[in-house]
>>> print(open('input05.cif').read())   # mmCIF, C-alpha atoms
data_run
#
loop_
_atom_site.label_atom_id
_atom_site.label_comp_id
_atom_site.auth_asym_id
_atom_site.auth_seq_id
_atom_site.Cartn_x
_atom_site.Cartn_y
_atom_site.Cartn_z
CA MET A 1 25.08 133.87 230.18
CA SER A 2 22.94 137.03 230.25
CA THR A 3 19.20 137.07 230.57
CA THR A 4 16.71 139.80 229.80
CA PRO A 5 15.46 141.40 233.03
CA ARG A 6 11.81 140.78 233.91
CA TYR A 7 9.63 143.52 235.31
CA LEU A 8 6.12 143.74 236.74
CA THR A 9 3.35 144.84 234.40
CA GLY A 10 -0.41 145.38 234.41
CA ALA A 11 -2.66 145.05 237.44
CA LEU A 12 0.04 143.48 239.62
CA ALA A 13 2.40 146.41 239.02
CA ILE A 14 -0.39 148.81 239.98
CA ARG A 15 -1.26 146.80 243.09
CA VAL A 16 2.34 146.85 244.28
CA PHE A 17 2.57 150.60 243.84
CA LEU A 18 -0.74 151.24 245.60
CA CYS A 19 0.23 149.15 248.63
CA PHE A 20 3.51 150.98 249.06
CA ALA A 21 1.89 154.36 248.31
CA SER A 22 -0.78 153.79 250.98
CA GLY A 23 1.87 153.16 253.62
CA TYR A 24 3.84 156.23 252.59
CA LEU A 25 0.69 158.37 252.57
CA LEU A 26 -0.02 157.48 256.20
CA SER A 27 3.67 157.85 257.07
CA TYR A 28 3.63 161.42 255.80
CA ALA A 29 0.33 162.13 257.58
CA PHE A 30 1.95 161.05 260.85
CA ARG A 31 4.99 163.17 260.01
CA SER A 32 2.98 166.31 259.28
CA ILE A 33 0.04 166.21 261.68
CA ASN A 34 1.76 168.01 264.55
CA ALA A 35 1.92 171.18 262.43
CA VAL A 36 -1.90 171.30 262.58
CA ILE A 37 -2.61 169.98 266.07
CA ALA A 38 0.26 171.96 267.65
CA PRO A 39 -1.90 174.79 269.10
CA VAL A 40 -4.31 172.31 270.72
CA LEU A 41 -1.47 170.09 271.91
CA LEU A 42 0.37 173.05 273.44
CA THR A 43 -2.74 174.03 275.41
CA ASP A 44 -3.93 170.55 276.42
CA MET A 45 -0.52 169.28 277.52
CA ASN A 46 0.97 172.61 278.66
CA LEU A 47 4.02 172.31 276.40
CA SER A 48 6.71 174.88 275.55
CA ASN A 49 8.12 175.47 272.04
CA ALA A 50 11.15 173.37 272.97
CA ASP A 51 8.85 170.58 274.23
CA LEU A 52 6.90 170.69 270.98
CA GLY A 53 10.09 170.58 268.91
CA LEU A 54 11.40 167.63 270.95
CA LEU A 55 8.08 165.79 270.70
CA SER A 56 7.76 166.24 266.94
CA SER A 57 11.41 165.37 266.36
CA ALA A 58 11.01 162.06 268.24
CA TYR A 59 9.59 160.73 264.97
CA PHE A 60 12.74 161.78 263.13
CA VAL A 61 15.30 160.51 265.64
CA THR A 62 13.90 156.97 265.82
CA PHE A 63 13.21 157.00 262.09
CA ALA A 64 16.87 157.89 261.46
CA ALA A 65 18.15 155.37 264.01
CA LEU A 66 16.36 152.54 262.18
CA GLN A 67 17.75 153.34 258.73
CA LEU A 68 21.03 151.39 258.84
CA PRO A 69 19.65 148.17 260.38
CA MET A 70 16.55 148.51 258.22
CA GLY A 71 18.73 148.66 255.10
CA ILE A 72 20.22 145.30 256.08
CA TRP A 73 16.76 143.86 256.67
CA LEU A 74 15.59 145.05 253.25
CA ASP A 75 18.55 143.39 251.54
CA LYS A 76 18.18 140.21 253.63
CA TYR A 77 14.42 139.69 254.00
CA GLY A 78 12.95 141.82 251.20
CA SER A 79 10.60 144.80 251.20
CA ARG A 80 7.31 142.98 251.91
CA ARG A 81 8.28 141.32 255.19
CA THR A 82 10.32 144.26 256.47
CA GLU A 83 7.69 146.94 255.91
CA ALA A 84 4.75 144.84 257.11
CA ALA A 85 6.52 143.99 260.37
CA LEU A 86 7.60 147.56 261.09
CA LEU A 87 4.15 149.01 260.41
CA LEU A 88 2.87 147.10 263.42
CA PHE A 89 5.07 149.31 265.61
CA ALA A 90 3.50 152.39 264.02
CA ALA A 91 0.01 151.14 264.84
CA ALA A 92 1.03 150.53 268.45
CA GLY A 93 2.73 153.95 268.64
CA ALA A 94 -0.36 155.78 267.40
CA ALA A 95 -2.48 154.01 270.02
CA ILE A 96 -0.03 154.94 272.79
CA PHE A 97 0.03 158.56 271.60
CA ALA A 98 -3.76 158.68 271.64
CA ALA A 99 -3.94 157.32 275.19
CA SER A 100 -1.08 159.32 276.73
CA THR A 101 -1.52 161.97 279.41
CA SER A 102 2.14 163.06 279.75
CA LEU A 103 4.94 164.36 277.53
CA THR A 104 6.86 161.12 278.16
CA GLY A 105 3.97 159.00 276.91
CA LEU A 106 3.51 161.19 273.85
CA TRP A 107 7.24 160.96 273.10
CA ILE A 108 7.21 157.16 273.38
CA GLY A 109 4.18 156.93 271.10
CA ARG A 110 5.68 159.23 268.48
CA SER A 111 9.02 157.40 268.70
CA LEU A 112 7.29 154.09 267.95
CA ILE A 113 5.53 155.72 265.01
CA GLY A 114 8.94 156.80 263.67
CA ILE A 115 10.22 153.24 264.00
CA GLY A 116 7.13 151.81 262.36
CA VAL A 117 7.09 153.96 259.24
CA SER A 118 10.87 154.03 258.77
CA ALA A 119 10.73 151.64 255.82
CA CYS A 120 7.75 153.09 253.96
CA LEU A 121 9.75 154.88 251.26
CA MET A 122 12.94 152.81 251.34
CA ALA A 123 11.07 149.49 251.03
CA ALA A 124 9.24 150.87 248.01
CA LEU A 125 12.39 152.19 246.31
CA THR A 126 14.21 148.92 246.97
CA ALA A 127 11.37 146.91 245.43
CA PHE A 128 10.98 149.35 242.53
CA ARG A 129 14.67 148.98 241.68
CA GLN A 130 14.20 145.24 241.14
CA TRP A 131 10.58 145.04 239.95
CA TYR A 132 10.43 148.00 237.52
CA ALA A 133 12.62 149.16 234.62
CA PRO A 134 15.50 151.62 235.36
CA GLU A 135 14.00 154.38 233.22
CA ARG A 136 10.87 154.37 235.43
CA GLN A 137 12.71 154.91 238.73
CA SER A 138 12.53 158.72 238.94
CA GLN A 139 8.88 158.60 237.82
CA LEU A 140 7.95 156.04 240.47
CA ALA A 141 9.83 157.95 243.15
CA SER A 142 7.99 161.14 242.19
CA TRP A 143 4.65 159.32 242.34
CA MET A 144 5.55 157.98 245.78
CA LEU A 145 6.37 161.47 246.99
CA PHE A 146 3.12 162.67 245.42
CA SER A 147 1.38 160.05 247.57
CA GLY A 148 3.31 161.21 250.62
CA THR A 149 2.28 164.79 250.00
CA ALA A 150 -1.33 163.60 249.72
CA GLY A 151 -0.80 162.31 253.27
CA ALA A 152 0.50 165.72 254.30
CA LEU A 153 -2.59 167.28 252.71
CA SER A 154 -4.85 164.94 254.66
CA ALA A 155 -3.18 166.23 257.82
CA THR A 156 -4.13 169.86 257.10
CA VAL A 157 -7.71 171.01 256.42
CA PRO A 158 -9.30 167.54 256.94
CA VAL A 159 -7.61 167.20 260.34
CA SER A 160 -8.46 170.81 261.20
CA LEU A 161 -12.13 170.08 260.45
CA ALA A 162 -12.11 166.78 262.35
CA LEU A 163 -10.30 168.18 265.38
CA PRO A 164 -13.35 169.76 267.07
CA LEU A 165 -15.38 166.58 266.51
CA LEU A 166 -12.86 163.85 267.34
CA GLY A 167 -10.10 165.63 269.22
CA TRP A 168 -6.46 164.84 268.54
CA ARG A 169 -6.78 161.59 270.50
CA GLY A 170 -9.65 160.31 268.34
CA ILE A 171 -7.70 161.15 265.19
CA PHE A 172 -4.73 159.11 266.36
CA TRP A 173 -6.96 156.13 267.23
CA ILE A 174 -8.29 156.16 263.66
CA MET A 175 -4.78 156.42 262.22
CA SER A 176 -3.69 153.45 264.32
CA GLY A 177 -6.39 151.31 262.73
CA LEU A 178 -5.57 152.50 259.21
CA ILE A 179 -1.86 151.74 259.50
CA LEU A 180 -2.69 148.24 260.76
CA LEU A 181 -4.81 147.65 257.63
CA VAL A 182 -1.93 148.78 255.42
CA ALA A 183 0.44 146.38 257.20
CA LEU A 184 -1.88 143.49 256.37
CA ALA A 185 -2.22 144.64 252.75
CA VAL A 186 1.54 144.85 252.25
CA PHE A 187 2.12 141.42 253.76
CA PHE A 188 -0.58 139.53 251.89
CA LEU A 189 -1.16 141.44 248.64
CA LEU A 190 2.51 141.66 247.64
CA ARG A 191 3.06 137.90 247.80
CA PRO A 192 2.23 137.31 244.08
CA ALA A 193 4.83 139.88 243.03
CA GLU A 194 7.51 138.18 245.12
CA ARG A 195 6.61 134.82 243.59
CA GLN A 196 6.74 136.20 240.05
CA ILE A 197 10.02 138.09 240.48
CA PRO A 198 11.83 137.16 243.70
CA LEU A 199 13.63 140.12 245.22
CA VAL A 200 17.39 139.99 245.46
CA ALA A 201 17.59 138.98 249.12
CA ARG A 202 20.97 137.55 250.07
CA VAL A 203 22.24 136.38 253.44
CA VAL A 204 23.85 139.49 254.91
CA GLU A 205 26.35 138.58 257.63
CA PRO A 206 27.39 141.34 260.07
CA GLY A 207 30.87 141.70 258.57
CA VAL A 208 29.51 141.84 255.04
CA ALA A 209 26.91 144.42 256.09
CA THR A 210 29.62 146.62 257.61
CA GLN A 211 31.74 146.32 254.47
CA GLY A 212 28.71 147.27 252.37
CA TYR A 213 28.07 150.41 254.40
CA ARG A 214 31.78 151.27 254.25
CA THR A 215 31.58 151.05 250.46
CA ILE A 216 28.55 153.33 250.43
CA PHE A 217 29.72 156.01 252.88
CA THR A 218 33.19 156.28 251.32
CA ASN A 219 31.82 156.66 247.78
CA GLY A 220 32.44 160.24 246.60
CA TYR A 221 29.23 160.45 244.61
CA PHE A 222 27.19 159.30 247.61
CA GLN A 223 28.88 161.93 249.77
CA ARG A 224 28.06 164.65 247.27
CA LEU A 225 24.37 163.73 247.11
CA ALA A 226 24.11 163.18 250.87
CA LEU A 227 25.49 166.67 251.51
CA ILE A 228 22.75 168.55 249.71
CA GLY A 229 20.07 165.99 250.57
CA SER A 230 20.66 166.00 254.31
CA VAL A 231 20.95 169.75 254.81
CA CYS A 232 18.37 171.03 252.31
CA GLN A 233 15.81 168.23 252.42
CA GLY A 234 16.24 167.75 256.17
CA THR A 235 15.55 171.44 256.80
CA PHE A 236 12.56 171.38 254.48
CA LEU A 237 11.09 168.38 256.30
CA ALA A 238 11.46 170.16 259.64
CA LEU A 239 9.63 173.20 258.25
CA GLN A 240 6.92 171.23 256.43
CA THR A 241 6.09 168.91 259.28
CA LEU A 242 6.05 171.43 262.13
CA TRP A 243 7.32 174.97 261.88
CA ILE A 244 5.31 176.24 258.90
CA GLY A 245 2.16 176.27 261.05
CA PRO A 246 3.62 178.28 263.96
CA TRP A 247 5.35 180.60 261.44
CA LEU A 248 2.10 181.47 259.69
CA VAL A 249 0.38 182.19 263.01
CA THR A 250 3.22 183.93 264.86
CA VAL A 251 5.05 185.81 262.08
CA LEU A 252 2.25 186.49 259.59
CA GLY A 253 -0.53 186.79 262.16
CA LEU A 254 -2.91 184.33 260.51
CA ASP A 255 -5.60 182.63 262.57
CA PRO A 256 -5.31 178.82 262.95
CA GLY A 257 -8.06 178.15 260.40
CA THR A 258 -6.46 180.32 257.72
CA SER A 259 -3.07 178.87 258.59
CA SER A 260 -4.33 175.33 257.95
CA GLU A 261 -5.68 176.49 254.58
CA VAL A 262 -2.28 177.90 253.64
CA VAL A 263 -0.57 174.67 254.72
CA PHE A 264 -3.10 172.81 252.55
CA ALA A 265 -2.22 175.04 249.57
CA PHE A 266 1.49 174.57 250.34
CA ASN A 267 1.17 170.78 250.20
CA LEU A 268 -1.06 170.99 247.12
CA ALA A 269 1.70 172.95 245.35
CA LEU A 270 4.18 170.31 246.51
CA MET A 271 1.99 167.58 245.00
CA ALA A 272 1.82 169.49 241.73
CA GLY A 273 5.61 169.78 241.79
CA TYR A 274 6.04 166.04 242.22
CA LEU A 275 3.60 165.36 239.37
CA ALA A 276 5.46 167.79 237.12
CA LEU A 277 8.77 166.13 238.03
CA ALA A 278 7.31 162.66 237.32
CA TRP A 279 6.51 163.88 233.79
CA TRP A 280 9.63 165.99 233.21
CA ALA A 281 12.47 163.93 234.72
CA PRO A 282 12.10 160.79 232.52
CA ARG A 283 12.22 163.02 229.43
CA MET A 284 14.87 165.59 230.31
CA VAL A 285 17.19 164.33 233.09
CA ALA A 286 20.10 161.95 232.52
CA GLN A 287 19.35 158.87 234.64
CA GLY A 288 19.68 155.12 234.15
CA GLY A 289 21.94 155.54 231.10
CA ARG A 290 19.50 157.93 229.39
CA PRO A 291 20.95 161.18 227.93
CA GLY A 292 19.74 164.51 229.24
CA TRP A 293 20.50 167.29 231.70
CA PRO A 294 23.07 166.27 234.37
CA VAL A 295 21.38 165.47 237.68
CA THR A 296 23.90 167.55 239.61
CA THR A 297 23.09 170.64 237.52
CA VAL A 298 19.34 170.19 238.01
CA LEU A 299 19.83 169.74 241.77
CA THR A 300 22.01 172.86 242.06
CA VAL A 301 19.50 175.03 240.20
CA GLY A 302 16.47 173.60 242.02
CA MET A 303 17.96 173.94 245.50
CA SER A 304 19.10 177.48 244.71
CA GLY A 305 15.44 178.23 244.02
CA THR A 306 14.50 177.00 247.50
CA LEU A 307 17.12 179.30 249.02
CA VAL A 308 15.68 182.31 247.20
CA ALA A 309 12.19 181.39 248.42
CA GLN A 310 13.36 181.07 252.05
CA ALA A 311 15.23 184.38 251.85
CA GLY A 312 11.97 185.99 250.71
CA ILE A 313 10.09 184.32 253.58
CA LEU A 314 12.58 185.87 256.00
CA MET A 315 12.48 189.38 254.56
CA MET A 316 8.80 189.77 253.71
CA ASP A 317 5.80 189.61 256.03
CA GLY A 318 3.09 191.42 254.04
CA SER A 319 -0.46 190.26 253.32
CA TYR A 320 0.56 187.93 250.48
CA SER A 321 3.97 186.81 251.70
CA TRP A 322 2.52 183.37 252.43
CA LEU A 323 2.82 182.83 248.65
CA LEU A 324 6.57 182.49 249.15
CA TRP A 325 5.89 179.21 250.98
CA ILE A 326 4.12 178.04 247.80
CA LEU A 327 7.23 178.98 245.81
CA LEU A 328 9.34 176.92 248.22
CA ALA A 329 7.02 173.94 247.68
CA ILE A 330 7.32 174.25 243.88
CA PHE A 331 11.12 174.12 243.87
CA THR A 332 11.64 171.45 246.55
CA PRO A 333 10.57 168.29 244.60
CA VAL A 334 13.78 168.46 242.55
CA ILE A 335 15.67 166.99 245.55
CA THR A 336 13.89 163.69 244.78
CA LEU A 337 16.44 163.14 242.02
CA ALA A 338 19.17 162.69 244.63
CA GLN A 339 17.32 159.72 246.14
CA THR A 340 16.67 157.98 242.80
CA GLN A 341 20.28 158.61 241.80
CA ILE A 342 21.46 156.83 244.95
CA SER A 343 19.20 153.89 244.07
CA LEU A 344 20.66 153.63 240.56
CA THR A 345 24.27 154.07 241.66
CA PHE A 346 24.61 150.85 243.68
CA PRO A 347 23.94 147.23 242.66
CA GLY A 348 20.90 145.23 243.72
CA ASN A 349 22.54 143.56 246.71
CA LEU A 350 23.38 146.96 248.19
CA VAL A 351 20.42 149.07 247.13
CA GLY A 352 18.49 148.67 250.38
CA ARG A 353 21.48 149.77 252.44
CA ALA A 354 22.36 152.60 250.04
CA ASN A 355 18.84 154.03 250.12
CA SER A 356 18.67 153.70 253.89
CA ALA A 357 22.10 155.28 254.41
CA TYR A 358 21.04 158.32 252.41
CA ASN A 359 17.69 158.51 254.19
CA MET A 360 19.43 158.35 257.55
CA THR A 361 21.47 161.46 256.76
CA VAL A 362 18.29 163.32 255.76
CA PHE A 363 16.35 162.41 258.88
CA VAL A 364 19.22 163.01 261.29
CA MET A 365 19.29 166.57 259.96
CA ALA A 366 15.48 166.84 260.06
CA PHE A 367 15.55 165.80 263.72
CA ALA A 368 18.35 168.25 264.50
CA VAL A 369 16.63 171.19 262.78
CA GLN A 370 13.17 170.50 264.16
CA TRP A 371 14.31 170.19 267.76
CA SER A 372 17.04 172.84 267.74
CA MET A 373 14.79 175.39 266.01
CA GLY A 374 12.43 175.21 268.99
CA MET A 375 15.32 175.66 271.42
CA VAL A 376 16.78 178.54 269.40
CA ILE A 377 13.39 180.29 269.27
CA ASP A 378 13.00 179.99 273.06
CA ARG A 379 16.60 181.21 273.57
CA PHE A 380 16.07 184.30 271.41
CA LYS A 381 12.83 185.04 273.28
CA LEU A 382 14.73 184.92 276.59
CA MET A 383 17.19 187.41 275.08
CA GLY A 384 14.32 189.84 274.57
CA LEU A 385 13.20 189.23 270.98
CA VAL A 386 9.46 189.10 270.29
CA PRO A 387 8.27 185.64 269.11
CA ALA A 388 8.09 186.66 265.43
CA ASP A 389 11.66 188.00 265.39
CA ALA A 390 12.88 184.96 267.32
CA MET A 391 11.44 182.69 264.63
CA LYS A 392 13.03 184.76 261.87
CA ALA A 393 16.43 184.64 263.56
CA ALA A 394 16.19 180.84 263.92
CA LEU A 395 15.24 180.31 260.27
CA GLY A 396 18.05 182.66 259.22
CA ILE A 397 20.61 180.41 260.92
CA PHE A 398 19.40 177.33 259.05
CA LEU A 399 19.21 179.25 255.77
CA VAL A 400 22.93 180.07 256.09
CA LEU A 401 23.66 176.36 256.59
CA GLN A 402 21.70 175.51 253.43
CA VAL A 403 23.55 178.14 251.38
CA ALA A 404 26.85 176.62 252.52
CA ALA A 405 25.63 173.12 251.59
CA VAL A 406 24.55 174.15 248.08
CA ILE A 407 27.87 175.92 247.48
CA GLY A 408 29.72 172.84 248.75
CA PHE A 409 27.65 170.58 246.50
CA ALA A 410 28.26 172.75 243.44
CA MET A 411 32.03 172.84 244.10
CA HIS A 412 32.40 169.11 244.88
CA ARG A 413 34.60 167.47 242.25
CA SER A 414 33.37 163.85 242.18
CA ARG A 415 32.49 163.20 238.54
CA GLY A 416 29.42 161.31 237.34
CA GLN A 417 27.81 158.35 239.04
CA PRO A 418 29.34 154.89 238.83
CA ALA A 419 27.15 152.48 236.90
CA ALA A 420 27.65 149.78 239.50
CA VAL A 421 29.59 149.75 242.73
CA SER A 422 30.57 146.32 243.91
CA SER A 423 30.23 145.29 247.52
#
>>> encode(input="input05.cif", output="structure tokens")
Amino acid sequence: MSTTPRYLTGALAIRVFLCFASGYLLSYAFRSINAVIAPVLLTDMNLSNADLGLLSSAYFVTFAALQLPMGIWLDKYGSRRTEAALLLFAAAGAAIFAASTSLTGLWIGRSLIGIGVSACLMAALTAFRQWYAPERQSQLASWMLFSGTAGALSATVPVSLALPLLGWRGIFWIMSGLILLVALAVFFLLRPAERQIPLVARVVEPGVATQGYRTIFTNGYFQRLALIGSVCQGTFLALQTLWIGPWLVTVLGLDPGTSSEVVFAFNLALMAGYLALAWWAPRMVAQGGRPGWPVTTVLTVGMSGTLVAQAGILMMDGSYSWLLWILLAIFTPVITLAQTQISLTFPGNLVGRANSAYNMTVFVMAFAVQWSMGMVIDRFKLMGLVPADAMKAALGIFLVLQVAAVIGFAMHRSRGQPAAVSS
């Protein structure tokens, strides 16, 4: 006997979104802040480029490591409990980072931050799948990423202005307190939504969890989306959250203040892109049974645009070449459609694991690119290249990988997304 699905409406629906969006905003601020504080951190802690890449990528490696178990927790305990509990680790990590006097302490602090914010987007998407109508999924995901980019924006000019007054340690103490407040809000303010529409939270035994992940990773459509998502989005995250700042200073010769302004404009363009996608996707893209442009076509075209932008970044270093980073930010939001497509492909009892499995592939690549780019830059410098040319050579390597991924995605022959994959 079928029943009409119930969805959240009104003030409660807004409250749920705002709680999740606040967590993701701070998550993205943590993710992006090293791009702004990098020059000060390098000087204060006497770090090399490889050290900086390793330190920043600590967030990504622990974030990625938590994705598979976190997917099980989301399906078993629900989004509210899982995210609220994990955010406590982020608060502790920020405090440790602020108090550390060694690279090891900084790495531990940043690793705990990665653990703590690992559920911020996945918990939201899992709850959205069950609390909001299917046709709103791409819109909600775009709004979440808009919120995340607002966090990236807060880590640019505002942090640059606060840095002389508070120092990077004071900034991290404040962020520790803010993330603790969000943890309390998620735990207590989302209770009415869970009472009104209980999340699908089944007992997930270890064997069943393994079978569920086997179903996900062997699905051809998942593999196709994970290919382009991991390589292209993972590389973009590595650039956005660290290497754009050093690139603007080292390759384009901008001073740190001007560089932070460009990063601010870059993230502002990214926000505008997410807003445009939130308006455009529900009207024009085929998702949730709605007719429209095929998602795979939109992804291929959008990611090809990011490749053109990065090729321009490599080849041009004139006065206005920083505008190419803005072009990159405009094209990149299209990759969001891969995440929402994953969420709609699998049934409710697998959606937490499916989202987390996809996210793991993205952040494993982000970790690999962010750390290895620092090592490659240092290696090319030892070979005699000046720092600017070393950075260009490193980005060129990862651009070739992205071109191969987009070609592989376009040539992949899995057809359409299954309406429901059983576990």
>>> atom_distance(input="input05.cif", atom1="CA of Gly148 (chain A)", atom2="CA of Tyr28 (chain A)")
5.2 Å
>>> resolve_selection(input="input05.cif", expression="the PyMOL selection byres ((chain A and resi 177-190) around 10)", output="number ranges by chain")
A: 12-13, 15-27, 79-92, 94-95, 116-117, 172-176, 191-195
>>> write_last_selection(input="input05.cif", atoms="C-alpha atoms", output="PDB file, in the frame of the given file")
ATOM      1  CA  LEU A  12       0.040 143.480 239.620  1.00  0.00           C
ATOM      2  CA  ALA A  13       2.400 146.410 239.020  1.00  0.00           C
ATOM      3  CA  ARG A  15      -1.260 146.800 243.090  1.00  0.00           C
ATOM      4  CA  VAL A  16       2.340 146.850 244.280  1.00  0.00           C
ATOM      5  CA  PHE A  17       2.570 150.600 243.840  1.00  0.00           C
ATOM      6  CA  LEU A  18      -0.740 151.240 245.600  1.00  0.00           C
ATOM      7  CA  CYS A  19       0.230 149.150 248.630  1.00  0.00           C
ATOM      8  CA  PHE A  20       3.510 150.980 249.060  1.00  0.00           C
ATOM      9  CA  ALA A  21       1.890 154.360 248.310  1.00  0.00           C
ATOM     10  CA  SER A  22      -0.780 153.790 250.980  1.00  0.00           C
ATOM     11  CA  GLY A  23       1.870 153.160 253.620  1.00  0.00           C
ATOM     12  CA  TYR A  24       3.840 156.230 252.590  1.00  0.00           C
ATOM     13  CA  LEU A  25       0.690 158.370 252.570  1.00  0.00           C
ATOM     14  CA  LEU A  26      -0.020 157.480 256.200  1.00  0.00           C
ATOM     15  CA  SER A  27       3.670 157.850 257.070  1.00  0.00           C
ATOM     16  CA  SER A  79      10.600 144.800 251.200  1.00  0.00           C
ATOM     17  CA  ARG A  80       7.310 142.980 251.910  1.00  0.00           C
ATOM     18  CA  ARG A  81       8.280 141.320 255.190  1.00  0.00           C
ATOM     19  CA  THR A  82      10.320 144.260 256.470  1.00  0.00           C
ATOM     20  CA  GLU A  83       7.690 146.940 255.910  1.00  0.00           C
ATOM     21  CA  ALA A  84       4.750 144.840 257.110  1.00  0.00           C
ATOM     22  CA  ALA A  85       6.520 143.990 260.370  1.00  0.00           C
ATOM     23  CA  LEU A  86       7.600 147.560 261.090  1.00  0.00           C
ATOM     24  CA  LEU A  87       4.150 149.010 260.410  1.00  0.00           C
ATOM     25  CA  LEU A  88       2.870 147.100 263.420  1.00  0.00           C
ATOM     26  CA  PHE A  89       5.070 149.310 265.610  1.00  0.00           C
ATOM     27  CA  ALA A  90       3.500 152.390 264.020  1.00  0.00           C
ATOM     28  CA  ALA A  91       0.010 151.140 264.840  1.00  0.00           C
ATOM     29  CA  ALA A  92       1.030 150.530 268.450  1.00  0.00           C
ATOM     30  CA  ALA A  94      -0.360 155.780 267.400  1.00  0.00           C
ATOM     31  CA  ALA A  95      -2.480 154.010 270.020  1.00  0.00           C
ATOM     32  CA  GLY A 116       7.130 151.810 262.360  1.00  0.00           C
ATOM     33  CA  VAL A 117       7.090 153.960 259.240  1.00  0.00           C
ATOM     34  CA  PHE A 172      -4.730 159.110 266.360  1.00  0.00           C
ATOM     35  CA  TRP A 173      -6.960 156.130 267.230  1.00  0.00           C
ATOM     36  CA  ILE A 174      -8.290 156.160 263.660  1.00  0.00           C
ATOM     37  CA  MET A 175      -4.780 156.420 262.220  1.00  0.00           C
ATOM     38  CA  SER A 176      -3.690 153.450 264.320  1.00  0.00           C
ATOM     39  CA  ARG A 191       3.060 137.900 247.800  1.00  0.00           C
ATOM     40  CA  PRO A 192       2.230 137.310 244.080  1.00  0.00           C
ATOM     41  CA  ALA A 193       4.830 139.880 243.030  1.00  0.00           C
ATOM     42  CA  GLU A 194       7.510 138.180 245.120  1.00  0.00           C
ATOM     43  CA  ARG A 195       6.610 134.820 243.590  1.00  0.00           C
TER      44      ARG A 195
END
>>> resolve_selection(input="input05.cif", expression="the PyMOL selection byres ((chain A and resi 61-67) around 9)", output="PyMOL selection string")
chain A and resi 57-60+68-72+110-119+122+353+355-364+366-368
>>> residues_around(input="input05.cif", residues="region 223-237 of chain A", least_positions_apart="6", cutoff="8 Å", atoms="all atoms listed in the file", output="ChimeraX atom specification")
/A:217,303,332,335,338,342,358,361-367,369-370,398,401-402,405-406,408-409,412,414
>>> write_last_selection(input="input05.cif", atoms="C-alpha atoms", output="PDB file, in the coordinates of the input")
ATOM      1  CA  PHE A 217      29.720 156.010 252.880  1.00  0.00           C
ATOM      2  CA  MET A 303      17.960 173.940 245.500  1.00  0.00           C
ATOM      3  CA  THR A 332      11.640 171.450 246.550  1.00  0.00           C
ATOM      4  CA  ILE A 335      15.670 166.990 245.550  1.00  0.00           C
ATOM      5  CA  ALA A 338      19.170 162.690 244.630  1.00  0.00           C
ATOM      6  CA  ILE A 342      21.460 156.830 244.950  1.00  0.00           C
ATOM      7  CA  TYR A 358      21.040 158.320 252.410  1.00  0.00           C
ATOM      8  CA  THR A 361      21.470 161.460 256.760  1.00  0.00           C
ATOM      9  CA  VAL A 362      18.290 163.320 255.760  1.00  0.00           C
ATOM     10  CA  PHE A 363      16.350 162.410 258.880  1.00  0.00           C
ATOM     11  CA  VAL A 364      19.220 163.010 261.290  1.00  0.00           C
ATOM     12  CA  MET A 365      19.290 166.570 259.960  1.00  0.00           C
ATOM     13  CA  ALA A 366      15.480 166.840 260.060  1.00  0.00           C
ATOM     14  CA  PHE A 367      15.550 165.800 263.720  1.00  0.00           C
ATOM     15  CA  VAL A 369      16.630 171.190 262.780  1.00  0.00           C
ATOM     16  CA  GLN A 370      13.170 170.500 264.160  1.00  0.00           C
ATOM     17  CA  PHE A 398      19.400 177.330 259.050  1.00  0.00           C
ATOM     18  CA  LEU A 401      23.660 176.360 256.590  1.00  0.00           C
ATOM     19  CA  GLN A 402      21.700 175.510 253.430  1.00  0.00           C
ATOM     20  CA  ALA A 405      25.630 173.120 251.590  1.00  0.00           C
ATOM     21  CA  VAL A 406      24.550 174.150 248.080  1.00  0.00           C
ATOM     22  CA  GLY A 408      29.720 172.840 248.750  1.00  0.00           C
ATOM     23  CA  PHE A 409      27.650 170.580 246.500  1.00  0.00           C
ATOM     24  CA  HIS A 412      32.400 169.110 244.880  1.00  0.00           C
ATOM     25  CA  SER A 414      33.370 163.850 242.180  1.00  0.00           C
TER      26      SER A 414
END
>>> resolve_selection(input="input05.cif", expression="the PyMOL selection byres ((chain A and resi 35-43) around 7)", output="ChimeraX atom specification")
/A:32-34,44-48,156,160,168,241-243,245,260
>>> write_last_selection(input="input05.cif", atoms="C-alpha atoms", output="PDB file, keeping the file's coordinate frame")
ATOM      1  CA  SER A  32       2.980 166.310 259.280  1.00  0.00           C
ATOM      2  CA  ILE A  33       0.040 166.210 261.680  1.00  0.00           C
ATOM      3  CA  ASN A  34       1.760 168.010 264.550  1.00  0.00           C
ATOM      4  CA  ASP A  44      -3.930 170.550 276.420  1.00  0.00           C
ATOM      5  CA  MET A  45      -0.520 169.280 277.520  1.00  0.00           C
ATOM      6  CA  ASN A  46       0.970 172.610 278.660  1.00  0.00           C
ATOM      7  CA  LEU A  47       4.020 172.310 276.400  1.00  0.00           C
ATOM      8  CA  SER A  48       6.710 174.880 275.550  1.00  0.00           C
ATOM      9  CA  THR A 156      -4.130 169.860 257.100  1.00  0.00           C
ATOM     10  CA  SER A 160      -8.460 170.810 261.200  1.00  0.00           C
ATOM     11  CA  TRP A 168      -6.460 164.840 268.540  1.00  0.00           C
ATOM     12  CA  THR A 241       6.090 168.910 259.280  1.00  0.00           C
ATOM     13  CA  LEU A 242       6.050 171.430 262.130  1.00  0.00           C
ATOM     14  CA  TRP A 243       7.320 174.970 261.880  1.00  0.00           C
ATOM     15  CA  GLY A 245       2.160 176.270 261.050  1.00  0.00           C
ATOM     16  CA  SER A 260      -4.330 175.330 257.950  1.00  0.00           C
TER      17      SER A 260
END
>>> closest_residue(input="input05.cif", among="A:Met411, A:Ala127, A:Ala99, A:Leu8", to="Gly348 (chain A)", atoms="all atoms listed in the file")
A:Ala127
